[in-house]
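Peer 1: Data: upload-v1.pdb, PDB, C-alpha atoms, pLDDT in the B column.
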```
ATOM      1  CA  MET A   1     135.213 114.205 158.432  1.00 67.00           C
ATOM      2  CA  GLY A   2     135.254 111.296 160.885  1.00 87.00           C
ATOM      3  CA  TYR A   3     137.121 108.182 159.763  1.00 92.00           C
ATOM      4  CA  LYS A   4     136.190 104.971 161.543  1.00 90.00           C
ATOM      5  CA  LYS A   5     138.112 101.702 161.558  1.00 88.00           C
ATOM      6  CA  GLY A   6     136.823  99.658 158.628  1.00 86.00           C
ATOM      7  CA  ASN A   7     135.644 102.530 156.369  1.00 88.00           C
ATOM      8  CA  VAL A   8     136.506 102.039 152.697  1.00 88.00           C
ATOM      9  CA  VAL A   9     138.147 105.200 151.357  1.00 90.00           C
ATOM     10  CA  GLU A  10     139.723 106.541 148.198  1.00 89.00           C
ATOM     11  CA  HIS A  11     142.762 108.802 148.112  1.00 89.00           C
ATOM     12  CA  PRO A  12     142.574 111.867 145.836  1.00 89.00           C
ATOM     13  CA  ARG A  13     145.658 110.547 144.016  1.00 86.00           C
ATOM     14  CA  ALA A  14     144.189 107.791 141.829  1.00 82.00           C
ATOM     15  CA  GLU A  15     147.495 105.895 141.742  1.00 82.00           C
ATOM     16  CA  TRP A  16     147.062 105.114 145.475  1.00 80.00           C
ATOM     17  CA  GLY A  17     143.755 103.341 144.858  1.00 78.00           C
ATOM     18  CA  ARG A  18     141.181 102.449 147.470  1.00 82.00           C
ATOM     19  CA  GLY A  19     141.971 101.691 151.066  1.00 83.00           C
ATOM     20  CA  ILE A  20     140.543 100.629 154.385  1.00 85.00           C
ATOM     21  CA  VAL A  21     140.863 102.690 157.555  1.00 88.00           C
ATOM     22  CA  LEU A  22     142.881 100.566 160.000  1.00 86.00           C
ATOM     23  CA  GLU A  23     142.298 102.628 163.170  1.00 88.00           C
ATOM     24  CA  ASP A  24     139.751 105.242 164.219  1.00 90.00           C
ATOM     25  CA  SER A  25     141.027 108.703 163.327  1.00 88.00           C
ATOM     26  CA  ASP A  26     142.220 111.013 166.095  1.00 83.00           C
ATOM     27  CA  GLY A  27     141.102 113.994 164.007  1.00 87.00           C
ATOM     28  CA  SER A  28     144.569 115.011 162.852  1.00 92.00           C
ATOM     29  CA  THR A  29     145.732 111.765 161.209  1.00 93.00           C
ATOM     30  CA  VAL A  30     144.258 108.536 159.899  1.00 93.00           C
ATOM     31  CA  LYS A  31     146.000 105.189 159.269  1.00 89.00           C
ATOM     32  CA  ILE A  32     144.865 103.551 156.003  1.00 87.00           C
ATOM     33  CA  GLY A  33     145.908 100.402 154.145  1.00 80.00           C
ATOM     34  CA  PHE A  34     145.879 101.322 150.430  1.00 79.00           C
ATOM     35  CA  GLU A  35     145.711  98.713 147.681  1.00 70.00           C
ATOM     36  CA  LYS A  36     148.602 100.152 145.665  1.00 69.00           C
ATOM     37  CA  VAL A  37     150.930 101.835 148.161  1.00 73.00           C
ATOM     38  CA  GLY A  38     150.436  99.880 151.376  1.00 73.00           C
ATOM     39  CA  VAL A  39     149.818 101.279 154.849  1.00 78.00           C
ATOM     40  CA  LYS A  40     150.076 105.058 155.211  1.00 84.00           C
ATOM     41  CA  THR A  41     149.356 107.493 158.017  1.00 88.00           C
ATOM     42  CA  ILE A  42     147.696 110.518 156.413  1.00 90.00           C
ATOM     43  CA  ALA A  43     147.866 114.025 157.908  1.00 92.00           C
ATOM     44  CA  LEU A  44     144.292 115.258 157.489  1.00 93.00           C
ATOM     45  CA  GLN A  45     145.348 118.901 157.331  1.00 92.00           C
ATOM     46  CA  TYR A  46     146.870 118.166 153.900  1.00 92.00           C
ATOM     47  CA  VAL A  47     144.556 115.563 152.381  1.00 91.00           C
ATOM     48  CA  GLN A  48     141.191 114.018 153.187  1.00 91.00           C
ATOM     49  CA  PRO A  49     140.491 110.709 151.461  1.00 92.00           C
ATOM     50  CA  ALA A  50     136.869 110.340 150.341  1.00 90.00           C
ATOM     51  CA  ILE A  51     134.787 107.755 152.172  1.00 90.00           C
ATOM     52  CA  VAL A  52     133.554 105.427 149.421  1.00 86.00           C
ATOM     53  CA  ASP A  53     131.619 103.099 151.702  1.00 76.00           C
ATOM     54  CA  ALA A  54     130.664 104.141 155.223  1.00 74.00           C
ATOM     55  CA  ALA A  55     129.740 100.534 156.089  1.00 76.00           C
ATOM     56  CA  ILE A  56     132.346  99.131 158.433  1.00 79.00           C
ATOM     57  CA  VAL A  57     134.528  96.260 157.254  1.00 76.00           C
ATOM     58  CA  SER A  58     134.788  93.568 159.948  1.00 75.00           C
ATOM     59  CA  ASP A  59     137.619  93.625 162.510  1.00 74.00           C
ATOM     60  CA  THR A  60     138.795  90.289 161.107  1.00 72.00           C
ATOM     61  CA  LYS A  61     139.234  91.788 157.638  1.00 70.00           C
ATOM     62  CA  VAL A  62     140.978  94.872 159.010  1.00 70.00           C
ATOM     63  CA  LYS A  63     143.365  92.598 160.932  1.00 69.00           C
ATOM     64  CA  ARG A  64     144.052  90.548 157.781  1.00 66.00           C
ATOM     65  CA  ILE A  65     144.861  93.714 155.852  1.00 66.00           C
ATOM     66  CA  ALA A  66     147.290  94.870 158.522  1.00 65.00           C
ATOM     67  CA  GLU A  67     148.973  91.428 158.540  1.00 66.00           C
ATOM     68  CA  LYS A  68     149.261  91.343 154.763  1.00 65.00           C
ATOM     69  CA  ASN A  69     150.904  94.734 154.744  1.00 66.00           C
ATOM     70  CA  ARG A  70     153.590  93.658 157.188  1.00 75.00           C
ATOM     71  CA  ILE A  71     157.134  94.258 156.026  1.00 79.00           C
ATOM     72  CA  TYR A  72     159.795  91.861 157.268  1.00 83.00           C
ATOM     73  CA  VAL A  73     163.082  93.746 157.741  1.00 82.00           C
ATOM     74  CA  ASP A  74     166.270  91.654 157.926  1.00 84.00           C
ATOM     75  CA  GLU A  75     164.362  88.808 159.553  1.00 86.00           C
ATOM     76  CA  PRO A  76     165.583  85.218 159.276  1.00 88.00           C
ATOM     77  CA  PHE A  77     163.743  83.150 156.664  1.00 88.00           C
ATOM     78  CA  VAL A  78     162.638  80.682 159.311  1.00 91.00           C
ATOM     79  CA  ASP A  79     160.899  83.440 161.300  1.00 91.00           C
ATOM     80  CA  ILE A  80     159.213  84.809 158.163  1.00 91.00           C
ATOM     81  CA  PHE A  81     158.099  81.312 157.151  1.00 93.00           C
ATOM     82  CA  GLN A  82     156.709  80.423 160.578  1.00 92.00           C
ATOM     83  CA  ASP A  83     154.876  83.739 160.959  1.00 89.00           C
ATOM     84  CA  ILE A  84     153.184  83.409 157.576  1.00 90.00           C
ATOM     85  CA  LYS A  85     152.529  79.670 157.895  1.00 91.00           C
ATOM     86  CA  SER A  86     150.723  80.287 161.195  1.00 88.00           C
ATOM     87  CA  LYS A  87     148.290  82.557 159.313  1.00 82.00           C
ATOM     88  CA  TYR A  88     148.083  80.590 156.052  1.00 85.00           C
ATOM     89  CA  PRO A  89     148.671  76.949 156.998  1.00 90.00           C
ATOM     90  CA  GLU A  90     147.202  75.532 153.772  1.00 89.00           C
ATOM     91  CA  HIS A  91     149.412  77.664 151.491  1.00 91.00           C
ATOM     92  CA  LEU A  92     152.910  76.901 150.281  1.00 94.00           C
ATOM     93  CA  VAL A  93     155.134  79.802 151.360  1.00 95.00           C
ATOM     94  CA  ILE A  94     157.628  80.789 148.646  1.00 95.00           C
ATOM     95  CA  ILE A  95     160.222  83.401 149.668  1.00 95.00           C
ATOM     96  CA  GLU A  96     162.258  85.403 147.167  1.00 93.00           C
ATOM     97  CA  ASN A  97     165.991  85.559 147.842  1.00 91.00           C
ATOM     98  CA  GLY A  98     167.651  87.607 145.098  1.00 88.00           C
ATOM     99  CA  CYS A  99     167.047  85.779 141.799  1.00 90.00           C
ATOM    100  CA  TYR A 100     166.027  82.587 143.591  1.00 92.00           C
ATOM    101  CA  PHE A 101     162.933  81.388 145.445  1.00 95.00           C
ATOM    102  CA  GLU A 102     163.277  79.301 148.599  1.00 95.00           C
ATOM    103  CA  VAL A 103     160.821  77.042 150.403  1.00 95.00           C
ATOM    104  CA  LEU A 104     161.301  75.680 153.917  1.00 95.00           C
ATOM    105  CA  GLU A 105     160.244  72.850 156.216  1.00 94.00           C
ATOM    106  CA  GLN A 106     157.162  70.893 155.038  1.00 95.00           C
ATOM    107  CA  ASP A 107     156.937  73.034 151.893  1.00 96.00           C
ATOM    108  CA  ALA A 108     160.494  72.004 150.986  1.00 95.00           C
ATOM    109  CA  GLU A 109     159.429  68.360 151.377  1.00 95.00           C
ATOM    110  CA  TYR A 110     156.469  69.005 149.047  1.00 95.00           C
ATOM    111  CA  PHE A 111     158.734  70.428 146.312  1.00 95.00           C
ATOM    112  CA  SER A 112     161.344  67.727 146.837  1.00 95.00           C
ATOM    113  CA  ASN A 113     158.703  65.032 146.360  1.00 94.00           C
ATOM    114  CA  MET A 114     157.224  66.806 143.347  1.00 92.00           C
ATOM    115  CA  TYR A 115     160.472  67.524 141.471  1.00 93.00           C
ATOM    116  CA  GLY A 116     163.091  65.305 143.113  1.00 93.00           C
ATOM    117  CA  TRP A 117     165.024  68.354 144.297  1.00 94.00           C
ATOM    118  CA  LYS A 118     167.708  67.953 146.906  1.00 94.00           C
ATOM    119  CA  ILE A 119     166.932  69.307 150.366  1.00 94.00           C
ATOM    120  CA  TYR A 120     169.537  71.362 152.199  1.00 92.00           C
ATOM    121  CA  GLU A 121     169.596  72.755 155.713  1.00 88.00           C
ATOM    122  CA  ARG A 122     169.182  76.526 155.913  1.00 77.00           C
ATOM    123  CA  GLN A 123     169.717  76.406 159.666  1.00 75.00           C
ATOM    124  CA  ILE A 124     170.110  73.411 161.933  1.00 82.00           C
ATOM    125  CA  ASP A 125     167.152  71.104 161.353  1.00 86.00           C
ATOM    126  CA  VAL A 126     165.437  73.473 158.884  1.00 91.00           C
ATOM    127  CA  PRO A 127     165.010  71.761 155.507  1.00 93.00           C
ATOM    128  CA  MET A 128     165.206  74.075 152.492  1.00 94.00           C
ATOM    129  CA  THR A 129     165.027  73.776 148.732  1.00 95.00           C
ATOM    130  CA  GLY A 130     164.303  76.248 145.977  1.00 94.00           C
ATOM    131  CA  PHE A 131     164.266  77.246 142.348  1.00 94.00           C
ATOM    132  CA  PRO A 132     165.445  80.132 140.126  1.00 92.00           C
ATOM    133  CA  GLU A 133     163.027  82.964 139.384  1.00 87.00           C
ATOM    134  CA  ASP A 134     162.767  81.980 135.715  1.00 86.00           C
ATOM    135  CA  ALA A 135     161.476  78.438 136.469  1.00 88.00           C
ATOM    136  CA  LYS A 136     158.101  79.031 134.811  1.00 88.00           C
ATOM    137  CA  LYS A 137     157.190  75.336 134.945  1.00 90.00           C
ATOM    138  CA  VAL A 138     156.951  75.489 138.740  1.00 91.00           C
ATOM    139  CA  TRP A 139     154.350  78.287 138.669  1.00 87.00           C
ATOM    140  CA  VAL A 140     152.338  76.542 135.938  1.00 88.00           C
ATOM    141  CA  ASP A 141     152.430  73.229 137.828  1.00 90.00           C
ATOM    142  CA  LEU A 142     151.237  74.829 141.058  1.00 87.00           C
ATOM    143  CA  LYS A 143     148.257  76.391 139.290  1.00 82.00           C
ATOM    144  CA  ASN A 144     147.412  73.190 137.411  1.00 84.00           C
ATOM    145  CA  LEU A 145     147.539  71.144 140.612  1.00 83.00           C
ATOM    146  CA  GLY A 146     145.313  73.613 142.427  1.00 81.00           C
ATOM    147  CA  LYS A 147     147.741  74.008 145.309  1.00 84.00           C
ATOM    148  CA  PRO A 148     147.311  77.372 147.094  1.00 88.00           C
ATOM    149  CA  TYR A 149     150.528  79.313 147.573  1.00 91.00           C
ATOM    150  CA  LEU A 150     151.805  82.748 148.370  1.00 90.00           C
ATOM    151  CA  VAL A 151     154.881  84.666 147.339  1.00 92.00           C
ATOM    152  CA  VAL A 152     156.994  86.756 149.704  1.00 92.00           C
ATOM    153  CA  SER A 153     158.893  89.228 147.530  1.00 90.00           C
ATOM    154  CA  GLN A 154     162.094  91.070 148.223  1.00 89.00           C
ATOM    155  CA  LEU A 155     161.250  94.777 148.117  1.00 83.00           C
ATOM    156  CA  PRO A 156     163.322  97.337 146.237  1.00 80.00           C
ATOM    157  CA  ASN A 157     165.623  99.061 148.703  1.00 73.00           C
ATOM    158  CA  PRO A 158     167.774 101.881 147.312  1.00 66.00           C
ATOM    159  CA  LYS A 159     169.825 102.125 150.523  1.00 69.00           C
ATOM    160  CA  GLN A 160     170.715  98.400 150.361  1.00 70.00           C
ATOM    161  CA  ASP A 161     171.427  98.379 154.073  1.00 76.00           C
ATOM    162  CA  LYS A 162     168.555  96.113 155.153  1.00 81.00           C
ATOM    163  CA  ILE A 163     166.645  93.563 153.129  1.00 85.00           C
ATOM    164  CA  GLN A 164     162.900  94.026 153.238  1.00 85.00           C
ATOM    165  CA  ARG A 165     160.306  91.446 152.249  1.00 88.00           C
ATOM    166  CA  ALA A 166     156.505  91.379 152.160  1.00 85.00           C
ATOM    167  CA  ILE A 167     153.740  89.105 150.926  1.00 86.00           C
ATOM    168  CA  SER A 168     153.228  90.277 147.364  1.00 83.00           C
ATOM    169  CA  GLU A 169     150.766  87.752 145.996  1.00 81.00           C
ATOM    170  CA  ILE A 170     148.440  85.040 147.174  1.00 81.00           C
ATOM    171  CA  PHE A 171     147.211  82.399 144.772  1.00 81.00           C
ATOM    172  CA  MET A 172     144.178  80.321 145.604  1.00 73.00           C
ATOM    173  CA  ARG A 173     141.671  78.263 143.722  1.00 62.00           C
ATOM    174  CA  LEU A 174     138.022  79.290 143.770  1.00 54.00           C
ATOM    175  CA  GLY A 175     135.869  76.359 142.726  1.00 50.00           C
ATOM    176  CA  MET A 176     137.088  73.858 140.165  1.00 44.00           C
ATOM    177  CA  GLU A 177     137.828  76.201 137.274  1.00 45.00           C
ATOM    178  CA  PHE A 178     138.938  79.571 138.544  1.00 44.00           C
ATOM    179  CA  TRP A 179     142.246  80.774 139.918  1.00 46.00           C
ATOM    180  CA  VAL A 180     142.597  84.092 141.571  1.00 48.00           C
ATOM    181  CA  LYS A 181     145.842  85.983 141.897  1.00 51.00           C
ATOM    182  CA  LEU A 182     145.489  88.485 144.694  1.00 48.00           C
ATOM    183  CA  ASN A 183     147.814  91.412 145.026  1.00 47.00           C
ATOM    184  CA  CYS A 184     148.220  91.635 148.739  1.00 47.00           C
ATOM    185  CA  LEU A 185     148.802  95.229 149.504  1.00 40.00           C
ATOM    186  CA  LEU A 186     145.100  95.510 150.275  1.00 39.00           C
ATOM    187  CA  ILE A 187     142.707  94.075 147.737  1.00 40.00           C
ATOM    188  CA  CYS A 188     142.577  90.662 149.484  1.00 42.00           C
ATOM    189  CA  GLY A 189     140.831  92.214 152.434  1.00 43.00           C
ATOM    190  CA  LEU A 190     138.178  93.835 150.265  1.00 42.00           C
ATOM    191  CA  LEU A 191     136.853  90.503 149.002  1.00 40.00           C
ATOM    192  CA  LYS A 192     133.713  89.222 150.648  1.00 34.00           C
ATOM    193  CA  ASP A 193     133.931  85.908 152.542  1.00 34.00           C
TER     194      ASP A 193
END
```
Written as structure tokens, that's how I'd like the structure from this file.
Peer 2:
Amino acid sequence: MGYKKGNVVEHPRAEWGRGIVLEDSDGSTVKIGFEKVGVKTIALQYVQPAIVDAAIVSDTKVKRIAEKNRIYVDEPFVDIFQDIKSKYPEHLVIIENGCYFEVLEQDAEYFSNMYGWKIYERQIDVPMTGFPEDAKKVWVDLKNLGKPYLVVSQLPNPKQDKIQRAISEIFMRLGMEFWVKLNCLLICGLLKD
């Protein structure tokens, strides 16, 4: 079976969900971004995901999927923030740090103005503020105000030697009434423009 970049596929294990082929297959392996388990390279001698839709998803969408599945390993918050902000300039970038969420630079200014929070410096000339994970009012306010934001979550790491983070959710408003919470392992890339 020939897998082409952009094919929509389904893994035989239902818990993996659907995915998009990220690179043309070399015949022995195929790289797929799955909605529930992230990016995997599959050895075709052991499993052959079913092609659900042979129509090719655009290169732009494939690139977005690959970016959304990026894992940041022990990277400074400023680098994570700037990388994500360059791709999602209209979104507030909220980064999990243990049981706390931090926001940097212009996003810190936004929260400071909204709640009167004090701004600190994370690094020289990098404004930072934040809130505890149980601050439900913040999440409700963001939705009510219609401000798009995304959450970078700290991933479980049993070895505890390096901290890993990835975009876990993107929140955006569609029209005047509807909010969409997108789980960003893959499903964001499957939506039509």
Peer 1: Just how far from atom CA of A:Val140 is atom CA of A:Ser168, in Å to one decimal?
Peer 2: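 Answer for the atom CA of A:Ser168 to atom CA of A:Val140 separation: 17.9 Å.
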Peer 1: Using the chain letters and numbers from this file, what does the PyMOL selection byres ((chain A and resi 94) around 10) select? Give the answer as a VMD selection string.
Peer 2: chain A and resid 81 91 to 93 95 to 97 100 to 104 107 to 108 130 to 131 149 to 153 167
Peer 1: With 9 Å as the cut-off and all atoms listed in the file counted, what is the closest atom pair between each nearby residue of stretch 73-93 of chain A and stretch 160-165 of chain A? Distances in Å to one decimal, ordered by chain and number, as CSV.
Peer 2:
```
residue,atom,partner,partner_atom,distance
A:Val73,CA,A:Gln164,CA,4.5
A:Asp74,CA,A:Ile163,CA,5.2
A:Glu75,CA,A:Ile163,CA,8.3
A:Ile80,CA,A:Arg165,CA,9.0
```
Peer 1: In Å, how far is it from atom CA of A:Glu10 to atom CA of A:Ala55?
Peer 2: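 Going from atom CA of A:Glu10 over to atom CA of A:Ala55 covers 14.1 Å.
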Peer 1: Residues within 8 Å of (147.4, 114.1, 160.2), file coordinates, counting all atoms listed in the file: what are they? Give the list as a ChimeraX atom specification.
Peer 2: /A:27-30,41-46
Peer 1: Run the PyMOL selection byres ((chain A and resi 114) around 12) mentally over the shown coordinates, then write out the matched residues as a ChimeraX atom specification, using the chain letters and numbers from the document.
Peer 2: /A:107-113,115-118,129,137-138,141-142,145
Peer 1: Residues picked by the PyMOL selection byres ((chain A and resi 2) around 9) here, as JSON, numbers by chain?
Peer 2: {"A": [1, 3, 4, 24, 25, 26, 27]}
Peer 1: Rounded to one decimal in Å, what is the spacing between atom CA of A:Leu22 and atom CA of A:Val39?
Peer 2: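 Straight-line distance from atom CA of A:Leu22 to atom CA of A:Val39 works out to 8.7 Å.
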Peer 1: Write out as JSON, numbers by chain which residues come within 7 Å of A:Ile20 when counting only C-alpha atoms, dropping same-chain ones fewer than 3 positions away.
Peer 2: {"A": [6, 7, 8, 9, 32, 33, 34]}
Peer 1: Give me stretch 37-120 of chain A from this structure - C-alpha atoms, as an mmCIF file, in the first residue's frame.
Peer 2:
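Heads up, here's the output in out.cif:
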```
data_model
loop_
_atom_site.group_PDB
_atom_site.id
_atom_site.type_symbol
_atom_site.label_atom_id
_atom_site.label_comp_id
_atom_site.auth_asym_id
_atom_site.auth_seq_id
_atom_site.Cartn_x
_atom_site.Cartn_y
_atom_site.Cartn_z
ATOM 1 C CA VAL A 37 -0.834 9.658 20.287
ATOM 2 C CA GLY A 38 1.080 12.267 18.305
ATOM 3 C CA VAL A 39 3.683 11.660 15.610
ATOM 4 C CA LYS A 40 4.751 8.046 15.087
ATOM 5 C CA THR A 41 6.941 6.284 12.553
ATOM 6 C CA ILE A 42 5.197 3.005 11.724
ATOM 7 C CA ALA A 43 7.060 -0.098 10.513
ATOM 8 C CA LEU A 44 4.817 -1.347 7.708
ATOM 9 C CA GLN A 45 5.926 -4.950 8.145
ATOM 10 C CA TYR A 46 4.003 -4.994 11.452
ATOM 11 C CA VAL A 47 1.000 -2.752 10.824
ATOM 12 C CA GLN A 48 -0.618 -1.027 7.864
ATOM 13 C CA PRO A 49 -2.945 1.839 8.752
ATOM 14 C CA ALA A 50 -6.036 2.004 6.534
ATOM 15 C CA ILE A 51 -6.259 4.950 4.159
ATOM 16 C CA VAL A 52 -9.545 6.643 5.074
ATOM 17 C CA ASP A 53 -9.284 9.433 2.521
ATOM 18 C CA ALA A 54 -6.904 9.189 -0.422
ATOM 19 C CA ALA A 55 -7.371 12.909 -1.167
ATOM 20 C CA ILE A 56 -4.212 14.753 -0.227
ATOM 21 C CA VAL A 57 -4.326 17.273 2.607
ATOM 22 C CA SER A 58 -2.498 20.481 1.634
ATOM 23 C CA ASP A 59 1.207 20.943 2.427
ATOM 24 C CA THR A 60 0.244 23.881 4.644
ATOM 25 C CA LYS A 61 -1.979 21.663 6.792
ATOM 26 C CA VAL A 62 0.651 18.926 6.978
ATOM 27 C CA LYS A 63 3.201 21.532 8.106
ATOM 28 C CA ARG A 64 0.784 22.844 10.760
ATOM 29 C CA ILE A 65 0.272 19.325 12.086
ATOM 30 C CA ALA A 66 4.009 18.743 12.342
ATOM 31 C CA GLU A 67 4.447 22.086 14.162
ATOM 32 C CA LYS A 68 1.628 21.348 16.585
ATOM 33 C CA ASN A 69 3.153 18.013 17.450
ATOM 34 C CA ARG A 70 6.492 19.558 18.352
ATOM 35 C CA ILE A 71 7.778 18.677 21.792
ATOM 36 C CA TYR A 72 9.934 21.251 23.549
ATOM 37 C CA VAL A 73 12.570 19.471 25.662
ATOM 38 C CA ASP A 74 14.258 21.514 28.411
ATOM 39 C CA GLU A 75 13.933 24.668 26.330
ATOM 40 C CA PRO A 76 13.841 28.097 27.969
ATOM 41 C CA PHE A 77 10.347 29.575 28.280
ATOM 42 C CA VAL A 78 11.365 32.570 26.204
ATOM 43 C CA ASP A 79 12.361 30.330 23.275
ATOM 44 C CA ILE A 80 9.118 28.337 23.538
ATOM 45 C CA PHE A 81 7.078 31.546 23.708
ATOM 46 C CA GLN A 82 8.805 33.172 20.735
ATOM 47 C CA ASP A 83 8.571 30.041 18.582
ATOM 48 C CA ILE A 84 4.848 29.653 19.216
ATOM 49 C CA LYS A 85 4.087 33.380 19.022
ATOM 50 C CA SER A 86 5.718 33.514 15.580
ATOM 51 C CA LYS A 87 3.172 30.923 14.392
ATOM 52 C CA TYR A 88 0.152 32.140 16.379
ATOM 53 C CA PRO A 89 0.639 35.892 16.809
ATOM 54 C CA GLU A 90 -3.010 36.596 17.683
ATOM 55 C CA HIS A 91 -3.141 33.995 20.483
ATOM 56 C CA LEU A 92 -2.147 34.433 24.103
ATOM 57 C CA VAL A 93 0.506 31.806 24.871
ATOM 58 C CA ILE A 94 0.011 30.225 28.307
ATOM 59 C CA ILE A 95 2.790 27.863 29.445
ATOM 60 C CA GLU A 96 2.361 25.341 32.250
ATOM 61 C CA ASN A 97 5.132 25.288 34.845
ATOM 62 C CA GLY A 98 4.296 22.674 37.482
ATOM 63 C CA CYS A 99 1.035 23.753 39.151
ATOM 64 C CA TYR A 100 1.309 27.270 37.736
ATOM 65 C CA PHE A 101 0.735 28.880 34.342
ATOM 66 C CA GLU A 102 3.076 31.596 33.088
ATOM 67 C CA VAL A 103 2.664 34.222 30.382
ATOM 68 C CA LEU A 104 5.490 36.305 28.930
ATOM 69 C CA GLU A 105 6.202 39.579 27.144
ATOM 70 C CA GLN A 106 3.120 41.273 25.613
ATOM 71 C CA ASP A 107 0.866 38.506 26.949
ATOM 72 C CA ALA A 108 2.089 39.270 30.479
ATOM 73 C CA GLU A 109 1.158 42.926 29.900
ATOM 74 C CA TYR A 110 -2.325 41.830 28.771
ATOM 75 C CA PHE A 111 -2.899 39.821 31.975
ATOM 76 C CA SER A 112 -1.388 42.538 34.147
ATOM 77 C CA ASN A 113 -3.779 45.100 32.668
ATOM 78 C CA MET A 114 -6.734 42.735 32.970
ATOM 79 C CA TYR A 115 -6.167 41.588 36.569
ATOM 80 C CA GLY A 116 -3.690 44.076 38.036
ATOM 81 C CA TRP A 117 -1.103 41.330 38.489
ATOM 82 C CA LYS A 118 2.477 42.252 39.199
ATOM 83 C CA ILE A 119 4.969 41.688 36.392
ATOM 84 C CA TYR A 120 8.300 40.045 37.148
#
```
